[in-house]
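What follows is the content of upload_9.pdb (PDB, C-alpha atoms, pLDDT in the B column).
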ATOM      1  CA  MET A   1     -24.617  14.152  48.261  1.00 41.00           C
ATOM      2  CA  VAL A   2     -24.557  17.333  46.202  1.00 43.00           C
ATOM      3  CA  ILE A   3     -26.055  15.812  43.046  1.00 46.00           C
ATOM      4  CA  ALA A   4     -28.910  14.235  44.974  1.00 47.00           C
ATOM      5  CA  ASN A   5     -29.785  17.545  46.635  1.00 49.00           C
ATOM      6  CA  GLU A   6     -29.732  19.368  43.290  1.00 50.00           C
ATOM      7  CA  MET A   7     -32.144  16.809  41.857  1.00 52.00           C
ATOM      8  CA  MET A   8     -34.652  17.209  44.658  1.00 51.00           C
ATOM      9  CA  PRO A   9     -37.572  19.571  44.523  1.00 55.00           C
ATOM     10  CA  SER A  10     -37.803  21.758  47.604  1.00 55.00           C
ATOM     11  CA  GLY A  11     -40.603  22.325  50.055  1.00 56.00           C
ATOM     12  CA  ALA A  12     -43.876  20.431  50.251  1.00 56.00           C
ATOM     13  CA  PRO A  13     -43.475  18.569  46.939  1.00 63.00           C
ATOM     14  CA  ALA A  14     -40.202  17.055  48.180  1.00 62.00           C
ATOM     15  CA  ARG A  15     -41.823  15.846  51.394  1.00 67.00           C
ATOM     16  CA  ALA A  16     -44.660  14.254  49.422  1.00 70.00           C
ATOM     17  CA  LEU A  17     -42.221  12.506  47.090  1.00 74.00           C
ATOM     18  CA  ARG A  18     -39.915  11.153  49.802  1.00 78.00           C
ATOM     19  CA  SER A  19     -42.442   8.590  50.976  1.00 76.00           C
ATOM     20  CA  ARG A  20     -42.747   7.289  47.415  1.00 82.00           C
ATOM     21  CA  TRP A  21     -39.064   6.762  46.710  1.00 85.00           C
ATOM     22  CA  GLY A  22     -39.672   3.063  46.021  1.00 86.00           C
ATOM     23  CA  TRP A  23     -41.965   3.874  43.104  1.00 89.00           C
ATOM     24  CA  PHE A  24     -39.230   5.978  41.503  1.00 87.00           C
ATOM     25  CA  VAL A  25     -36.741   3.140  41.946  1.00 90.00           C
ATOM     26  CA  ALA A  26     -39.228   0.660  40.452  1.00 92.00           C
ATOM     27  CA  LEU A  27     -39.959   2.981  37.518  1.00 91.00           C
ATOM     28  CA  GLY A  28     -36.235   3.358  36.904  1.00 91.00           C
ATOM     29  CA  LEU A  29     -35.605  -0.371  36.992  1.00 95.00           C
ATOM     30  CA  VAL A  30     -38.538  -1.103  34.649  1.00 95.00           C
ATOM     31  CA  ALA A  31     -37.349   1.563  32.185  1.00 92.00           C
ATOM     32  CA  ILE A  32     -33.787   0.203  32.277  1.00 94.00           C
ATOM     33  CA  LEU A  33     -35.079  -3.340  31.700  1.00 96.00           C
ATOM     34  CA  ALA A  34     -37.296  -2.143  28.836  1.00 93.00           C
ATOM     35  CA  GLY A  35     -34.307  -0.351  27.314  1.00 92.00           C
ATOM     36  CA  MET A  36     -32.185  -3.492  27.519  1.00 95.00           C
ATOM     37  CA  ILE A  37     -34.959  -5.504  25.865  1.00 94.00           C
ATOM     38  CA  ALA A  38     -35.224  -2.861  23.126  1.00 92.00           C
ATOM     39  CA  LEU A  39     -31.465  -3.017  22.534  1.00 93.00           C
ATOM     40  CA  ALA A  40     -31.600  -6.818  22.428  1.00 93.00           C
ATOM     41  CA  SER A  41     -34.189  -6.670  19.634  1.00 92.00           C
ATOM     42  CA  VAL A  42     -33.688  -3.356  17.869  1.00 91.00           C
ATOM     43  CA  VAL A  43     -35.791  -4.254  14.810  1.00 91.00           C
ATOM     44  CA  THR A  44     -38.782  -5.101  16.999  1.00 91.00           C
ATOM     45  CA  ALA A  45     -38.202  -1.921  19.008  1.00 90.00           C
ATOM     46  CA  THR A  46     -38.049   0.085  15.775  1.00 89.00           C
ATOM     47  CA  VAL A  47     -41.369  -1.353  14.571  1.00 90.00           C
ATOM     48  CA  ALA A  48     -42.931  -0.772  18.003  1.00 89.00           C
ATOM     49  CA  SER A  49     -41.788   2.848  18.000  1.00 89.00           C
ATOM     50  CA  ILE A  50     -43.255   3.316  14.505  1.00 91.00           C
ATOM     51  CA  PHE A  51     -46.582   1.892  15.681  1.00 92.00           C
ATOM     52  CA  LEU A  52     -46.525   4.340  18.596  1.00 90.00           C
ATOM     53  CA  VAL A  53     -45.749   7.262  16.270  1.00 89.00           C
ATOM     54  CA  GLY A  54     -48.558   6.117  13.947  1.00 92.00           C
ATOM     55  CA  LEU A  55     -51.013   5.939  16.828  1.00 94.00           C
ATOM     56  CA  MET A  56     -50.029   9.413  18.038  1.00 94.00           C
ATOM     57  CA  MET A  57     -50.462  10.783  14.513  1.00 93.00           C
ATOM     58  CA  ILE A  58     -53.935   9.271  14.163  1.00 95.00           C
ATOM     59  CA  VAL A  59     -55.062  10.599  17.548  1.00 95.00           C
ATOM     60  CA  SER A  60     -53.622  14.049  16.777  1.00 94.00           C
ATOM     61  CA  GLY A  61     -55.265  14.023  13.368  1.00 93.00           C
ATOM     62  CA  VAL A  62     -58.672  13.197  14.825  1.00 94.00           C
ATOM     63  CA  PHE A  63     -58.331  16.104  17.260  1.00 93.00           C
ATOM     64  CA  GLU A  64     -57.230  18.403  14.402  1.00 90.00           C
ATOM     65  CA  VAL A  65     -60.376  17.454  12.448  1.00 91.00           C
ATOM     66  CA  ILE A  66     -62.576  18.012  15.518  1.00 90.00           C
ATOM     67  CA  HIS A  67     -60.904  21.378  16.039  1.00 86.00           C
ATOM     68  CA  GLY A  68     -61.473  22.219  12.365  1.00 86.00           C
ATOM     69  CA  PHE A  69     -65.214  21.742  12.722  1.00 85.00           C
ATOM     70  CA  GLN A  70     -65.171  24.336  15.502  1.00 84.00           C
ATOM     71  CA  MET A  71     -63.700  27.023  13.212  1.00 78.00           C
ATOM     72  CA  LYS A  72     -66.148  29.683  12.002  1.00 73.00           C
ATOM     73  CA  ASP A  73     -64.085  30.820   9.005  1.00 72.00           C
ATOM     74  CA  TRP A  74     -64.249  28.544   5.915  1.00 71.00           C
ATOM     75  CA  SER A  75     -60.519  28.884   5.100  1.00 70.00           C
ATOM     76  CA  ARG A  76     -59.485  27.937   8.622  1.00 74.00           C
ATOM     77  CA  PHE A  77     -62.002  25.114   8.692  1.00 80.00           C
ATOM     78  CA  PHE A  78     -60.596  23.718   5.452  1.00 82.00           C
ATOM     79  CA  LEU A  79     -56.946  24.012   6.570  1.00 82.00           C
ATOM     80  CA  TRP A  80     -57.565  22.348   9.929  1.00 83.00           C
ATOM     81  CA  ILE A  81     -59.460  19.507   8.254  1.00 89.00           C
ATOM     82  CA  VAL A  82     -56.681  19.004   5.678  1.00 90.00           C
ATOM     83  CA  ILE A  83     -53.993  18.989   8.375  1.00 89.00           C
ATOM     84  CA  GLY A  84     -55.989  16.500  10.430  1.00 90.00           C
ATOM     85  CA  LEU A  85     -56.620  14.219   7.474  1.00 94.00           C
ATOM     86  CA  LEU A  86     -52.928  14.288   6.534  1.00 93.00           C
ATOM     87  CA  TYR A  87     -51.981  13.277  10.084  1.00 93.00           C
ATOM     88  CA  ILE A  88     -54.550  10.468  10.024  1.00 95.00           C
ATOM     89  CA  ALA A  89     -53.327   9.249   6.619  1.00 94.00           C
ATOM     90  CA  ALA A  90     -49.684   9.323   7.761  1.00 91.00           C
ATOM     91  CA  GLY A  91     -50.637   7.379  10.882  1.00 92.00           C
ATOM     92  CA  PHE A  92     -52.366   4.695   8.825  1.00 93.00           C
ATOM     93  CA  ILE A  93     -49.374   4.522   6.481  1.00 91.00           C
ATOM     94  CA  ALA A  94     -47.154   3.952   9.525  1.00 90.00           C
ATOM     95  CA  PHE A  95     -49.454   1.106  10.635  1.00 89.00           C
ATOM     96  CA  SER A  96     -49.784  -0.453   7.201  1.00 92.00           C
ATOM     97  CA  ASN A  97     -46.082  -0.280   6.319  1.00 91.00           C
ATOM     98  CA  PRO A  98     -43.940   0.286   9.414  1.00 89.00           C
ATOM     99  CA  LEU A  99     -40.697  -0.474   7.572  1.00 88.00           C
ATOM    100  CA  LEU A 100     -41.382   2.229   4.986  1.00 89.00           C
ATOM    101  CA  ALA A 101     -42.269   4.675   7.762  1.00 90.00           C
ATOM    102  CA  SER A 102     -39.108   3.677   9.595  1.00 91.00           C
ATOM    103  CA  ALA A 103     -37.046   4.322   6.466  1.00 91.00           C
ATOM    104  CA  VAL A 104     -38.539   7.793   6.009  1.00 90.00           C
ATOM    105  CA  LEU A 105     -38.176   8.747   9.673  1.00 89.00           C
ATOM    106  CA  THR A 106     -34.618   7.419   9.836  1.00 90.00           C
ATOM    107  CA  LEU A 107     -33.581   9.375   6.756  1.00 93.00           C
ATOM    108  CA  MET A 108     -35.170  12.528   8.202  1.00 92.00           C
ATOM    109  CA  LEU A 109     -33.388  11.906  11.495  1.00 90.00           C
ATOM    110  CA  GLY A 110     -30.025  11.491   9.762  1.00 91.00           C
ATOM    111  CA  ILE A 111     -30.480  14.659   7.726  1.00 94.00           C
ATOM    112  CA  GLY A 112     -31.584  16.515  10.856  1.00 92.00           C
ATOM    113  CA  LEU A 113     -28.495  15.378  12.757  1.00 91.00           C
ATOM    114  CA  ILE A 114     -26.186  16.406   9.911  1.00 95.00           C
ATOM    115  CA  THR A 115     -27.844  19.825   9.786  1.00 94.00           C
ATOM    116  CA  ALA A 116     -27.676  20.267  13.572  1.00 91.00           C
ATOM    117  CA  GLY A 117     -24.012  19.263  13.575  1.00 90.00           C
ATOM    118  CA  ILE A 118     -23.133  21.790  10.878  1.00 95.00           C
ATOM    119  CA  VAL A 119     -25.067  24.547  12.659  1.00 92.00           C
ATOM    120  CA  ARG A 120     -23.285  23.819  15.953  1.00 88.00           C
ATOM    121  CA  ILE A 121     -19.885  23.924  14.281  1.00 90.00           C
ATOM    122  CA  VAL A 122     -20.701  27.229  12.540  1.00 90.00           C
ATOM    123  CA  LEU A 123     -22.023  28.705  15.795  1.00 86.00           C
ATOM    124  CA  ALA A 124     -18.906  27.605  17.652  1.00 84.00           C
ATOM    125  CA  MET A 125     -16.626  29.141  15.039  1.00 85.00           C
ATOM    126  CA  ASN A 126     -18.430  32.456  15.514  1.00 82.00           C
ATOM    127  CA  MET A 127     -18.039  32.457  19.306  1.00 77.00           C
ATOM    128  CA  LYS A 128     -15.490  34.657  21.006  1.00 66.00           C
ATOM    129  CA  SER A 129     -12.270  33.124  22.221  1.00 68.00           C
ATOM    130  CA  GLY A 130     -12.164  32.306  25.889  1.00 65.00           C
ATOM    131  CA  SER A 131     -15.584  30.667  25.813  1.00 71.00           C
ATOM    132  CA  ALA A 132     -16.215  26.958  25.751  1.00 76.00           C
ATOM    133  CA  TRP A 133     -16.534  26.964  21.961  1.00 80.00           C
ATOM    134  CA  GLY A 134     -14.400  23.808  21.700  1.00 82.00           C
ATOM    135  CA  TRP A 135     -17.081  21.746  23.418  1.00 84.00           C
ATOM    136  CA  LEU A 136     -19.650  23.033  20.951  1.00 84.00           C
ATOM    137  CA  VAL A 137     -17.366  22.109  18.022  1.00 87.00           C
ATOM    138  CA  ALA A 138     -16.859  18.622  19.469  1.00 89.00           C
ATOM    139  CA  SER A 139     -20.609  18.224  19.940  1.00 89.00           C
ATOM    140  CA  GLY A 140     -21.214  19.397  16.378  1.00 89.00           C
ATOM    141  CA  ILE A 141     -18.663  16.986  14.946  1.00 93.00           C
ATOM    142  CA  ILE A 142     -20.124  14.040  16.867  1.00 91.00           C
ATOM    143  CA  THR A 143     -23.656  14.939  15.772  1.00 89.00           C
ATOM    144  CA  LEU A 144     -22.530  15.426  12.167  1.00 93.00           C
ATOM    145  CA  VAL A 145     -20.707  12.074  12.091  1.00 93.00           C
ATOM    146  CA  LEU A 146     -23.663  10.270  13.677  1.00 90.00           C
ATOM    147  CA  GLY A 147     -26.030  11.766  11.107  1.00 91.00           C
ATOM    148  CA  ALA A 148     -23.655  10.887   8.268  1.00 95.00           C
ATOM    149  CA  MET A 149     -23.416   7.292   9.496  1.00 93.00           C
ATOM    150  CA  ILE A 150     -27.206   7.053   9.467  1.00 91.00           C
ATOM    151  CA  VAL A 151     -27.618   8.636   6.022  1.00 94.00           C
ATOM    152  CA  PHE A 152     -24.763   6.808   4.312  1.00 95.00           C
ATOM    153  CA  GLY A 153     -25.982   3.487   5.712  1.00 92.00           C
ATOM    154  CA  TRP A 154     -29.564   4.194   4.716  1.00 91.00           C
ATOM    155  CA  PRO A 155     -31.913   2.370   4.057  1.00 89.00           C
ATOM    156  CA  ALA A 156     -30.367  -0.495   6.047  1.00 89.00           C
ATOM    157  CA  THR A 157     -29.969   1.766   9.092  1.00 87.00           C
ATOM    158  CA  SER A 158     -33.743   2.259   9.172  1.00 88.00           C
ATOM    159  CA  LEU A 159     -34.117  -1.275  10.525  1.00 88.00           C
ATOM    160  CA  TYR A 160     -32.281  -0.572  13.765  1.00 88.00           C
ATOM    161  CA  VAL A 161     -31.504   3.118  14.385  1.00 87.00           C
ATOM    162  CA  LEU A 162     -34.873   4.038  15.898  1.00 87.00           C
ATOM    163  CA  GLY A 163     -34.782   0.926  18.083  1.00 89.00           C
ATOM    164  CA  ILE A 164     -31.288   1.784  19.316  1.00 89.00           C
ATOM    165  CA  PHE A 165     -32.338   5.370  20.091  1.00 87.00           C
ATOM    166  CA  LEU A 166     -35.430   4.080  21.930  1.00 88.00           C
ATOM    167  CA  GLY A 167     -33.367   1.582  23.924  1.00 90.00           C
ATOM    168  CA  PHE A 168     -30.769   4.150  24.991  1.00 90.00           C
ATOM    169  CA  ASP A 169     -33.466   6.702  25.818  1.00 89.00           C
ATOM    170  CA  LEU A 170     -35.223   4.190  28.077  1.00 90.00           C
ATOM    171  CA  ILE A 171     -31.971   3.251  29.816  1.00 93.00           C
ATOM    172  CA  ILE A 172     -30.937   6.880  30.377  1.00 91.00           C
ATOM    173  CA  SER A 173     -34.359   7.941  31.645  1.00 90.00           C
ATOM    174  CA  GLY A 174     -34.510   4.811  33.794  1.00 90.00           C
ATOM    175  CA  ALA A 175     -31.145   5.645  35.333  1.00 91.00           C
ATOM    176  CA  ALA A 176     -32.397   9.156  36.082  1.00 89.00           C
ATOM    177  CA  TRP A 177     -35.548   7.849  37.784  1.00 87.00           C
ATOM    178  CA  LEU A 178     -33.489   5.294  39.712  1.00 91.00           C
ATOM    179  CA  ALA A 179     -31.074   8.003  40.899  1.00 88.00           C
ATOM    180  CA  MET A 180     -34.022  10.186  41.906  1.00 86.00           C
ATOM    181  CA  GLY A 181     -35.588   7.362  43.892  1.00 87.00           C
ATOM    182  CA  LEU A 182     -32.357   6.499  45.675  1.00 88.00           C
ATOM    183  CA  ALA A 183     -31.777  10.175  46.487  1.00 85.00           C
ATOM    184  CA  LEU A 184     -35.306  10.393  47.901  1.00 82.00           C
ATOM    185  CA  ARG A 185     -34.639   7.264  49.970  1.00 82.00           C
ATOM    186  CA  LYS A 186     -31.612   8.926  51.584  1.00 81.00           C
ATOM    187  CA  LEU A 187     -33.733  11.934  52.455  1.00 75.00           C
ATOM    188  CA  ALA A 188     -36.663   9.900  53.802  1.00 60.00           C
TER     189      ALA A 188
END

Render the structure in this file as structure tokens.
Amino acid sequence: MVIANEMMPSGAPARALRSRWGWFVALGLVAILAGMIALASVVTATVASIFLVGLMMIVSGVFEVIHGFQMKDWSRFFLWIVIGLLYIAAGFIAFSNPLLASAVLTLMLGIGLITAGIVRIVLAMNMKSGSAWGWLVASGIITLVLGAMIVFGWPATSLYVLGIFLGFDLIISGAAWLAMGLALRKLA
């Protein structure tokens, strides 16, 4: 299969992975199942993703503060400490009020998608004829419309958008791992 061969690493890493094809299949199936669960309860998945973001912000903030104490220059020390403390504070805000954090992140996501859609459309309009500029315009329009749907439905969309994105991401990555495992099985 052409797609399977393009997905495979070559040489020694491929040989090492072939014997573990079952683990890739299992990882894919677990990710797909987790994605389906997330889509079945998008509000819970949204809150869980906010807790994860909050945890990552707190951990990053702690490391920023530690890094700040290693700076020799007072101005750099102060800036690193401030950045770290802001990350830690934002992480605790996400933990203490996940729905507020979800609303802020969802609004930022919607605005980001609208901006990306407009930029893609402008870039496509500036491309020379004969290129695949139409695909870029279509992509820009879809991204723009998706962002507009999020923003115009906000704040209600903040209850489910992040959960839907998480669910679809898990399903797509799970399908990729499953395909990789099945391709490795054929080569084993």

Env of A:Phe69: 9 Å cut, atoms = all atoms listed in the file, seq-sep filter 4 positions within chain, self excluded. Answer as a PyMOL selection string. chain A and resi 64-65+77-78+80-81

Using the chain letters and residue numbers of this document, give as an mmCIF file with C-alpha atoms, in the frame of the given file the residues selected by the PyMOL selection byres ((chain A and resi 144-158) around 9).
data_model
loop_
_atom_site.group_PDB
_atom_site.id
_atom_site.type_symbol
_atom_site.label_atom_id
_atom_site.label_comp_id
_atom_site.auth_asym_id
_atom_site.auth_seq_id
_atom_site.Cartn_x
_atom_site.Cartn_y
_atom_site.Cartn_z
ATOM 1 C CA VAL A 43 -35.791 -4.254 14.810
ATOM 2 C CA THR A 46 -38.049 0.085 15.775
ATOM 3 C CA LEU A 99 -40.697 -0.474 7.572
ATOM 4 C CA LEU A 100 -41.382 2.229 4.986
ATOM 5 C CA ALA A 101 -42.269 4.675 7.762
ATOM 6 C CA SER A 102 -39.108 3.677 9.595
ATOM 7 C CA ALA A 103 -37.046 4.322 6.466
ATOM 8 C CA VAL A 104 -38.539 7.793 6.009
ATOM 9 C CA LEU A 105 -38.176 8.747 9.673
ATOM 10 C CA THR A 106 -34.618 7.419 9.836
ATOM 11 C CA LEU A 107 -33.581 9.375 6.756
ATOM 12 C CA MET A 108 -35.170 12.528 8.202
ATOM 13 C CA LEU A 109 -33.388 11.906 11.495
ATOM 14 C CA GLY A 110 -30.025 11.491 9.762
ATOM 15 C CA ILE A 111 -30.480 14.659 7.726
ATOM 16 C CA GLY A 112 -31.584 16.515 10.856
ATOM 17 C CA LEU A 113 -28.495 15.378 12.757
ATOM 18 C CA ILE A 114 -26.186 16.406 9.911
ATOM 19 C CA THR A 115 -27.844 19.825 9.786
ATOM 20 C CA ALA A 116 -27.676 20.267 13.572
ATOM 21 C CA GLY A 117 -24.012 19.263 13.575
ATOM 22 C CA ILE A 118 -23.133 21.790 10.878
ATOM 23 C CA SER A 139 -20.609 18.224 19.940
ATOM 24 C CA GLY A 140 -21.214 19.397 16.378
ATOM 25 C CA ILE A 141 -18.663 16.986 14.946
ATOM 26 C CA ILE A 142 -20.124 14.040 16.867
ATOM 27 C CA THR A 143 -23.656 14.939 15.772
ATOM 28 C CA LEU A 159 -34.117 -1.275 10.525
ATOM 29 C CA TYR A 160 -32.281 -0.572 13.765
ATOM 30 C CA VAL A 161 -31.504 3.118 14.385
ATOM 31 C CA LEU A 162 -34.873 4.038 15.898
#

Select all residues near (-51.0, 11.1, 5.2) (cut-off 12 Å, inclusive, file coordinates), counting all atoms listed in the file, and output them as a list in words.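 Taken together, the residues in range are Gly54, Met57, Ile58, Gly61, Val82, Ile83, Gly84, Leu85, Leu86, Tyr87, Ile88, Ala89, Ala90, Gly91, Phe92, Ile93, Ala94, Phe95, Ser96 and Ala101 of chain A.
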
For the structure shown, which residues end up in the PyMOL selection byres ((chain A and resi 174) around 12)? Put them as a ChimeraX atom specification, please? /A:23-36,166-173,175-181

Excluding same-chain residues fewer than 4 positions from A:Val137, what lies within 7 Å of it counting only C-alpha atoms, as a list of chain:residue names?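 Once the nearby chain positions are removed, what remains is A:Arg120, A:Ile121, A:Ala124, A:Trp133, A:Ile141.
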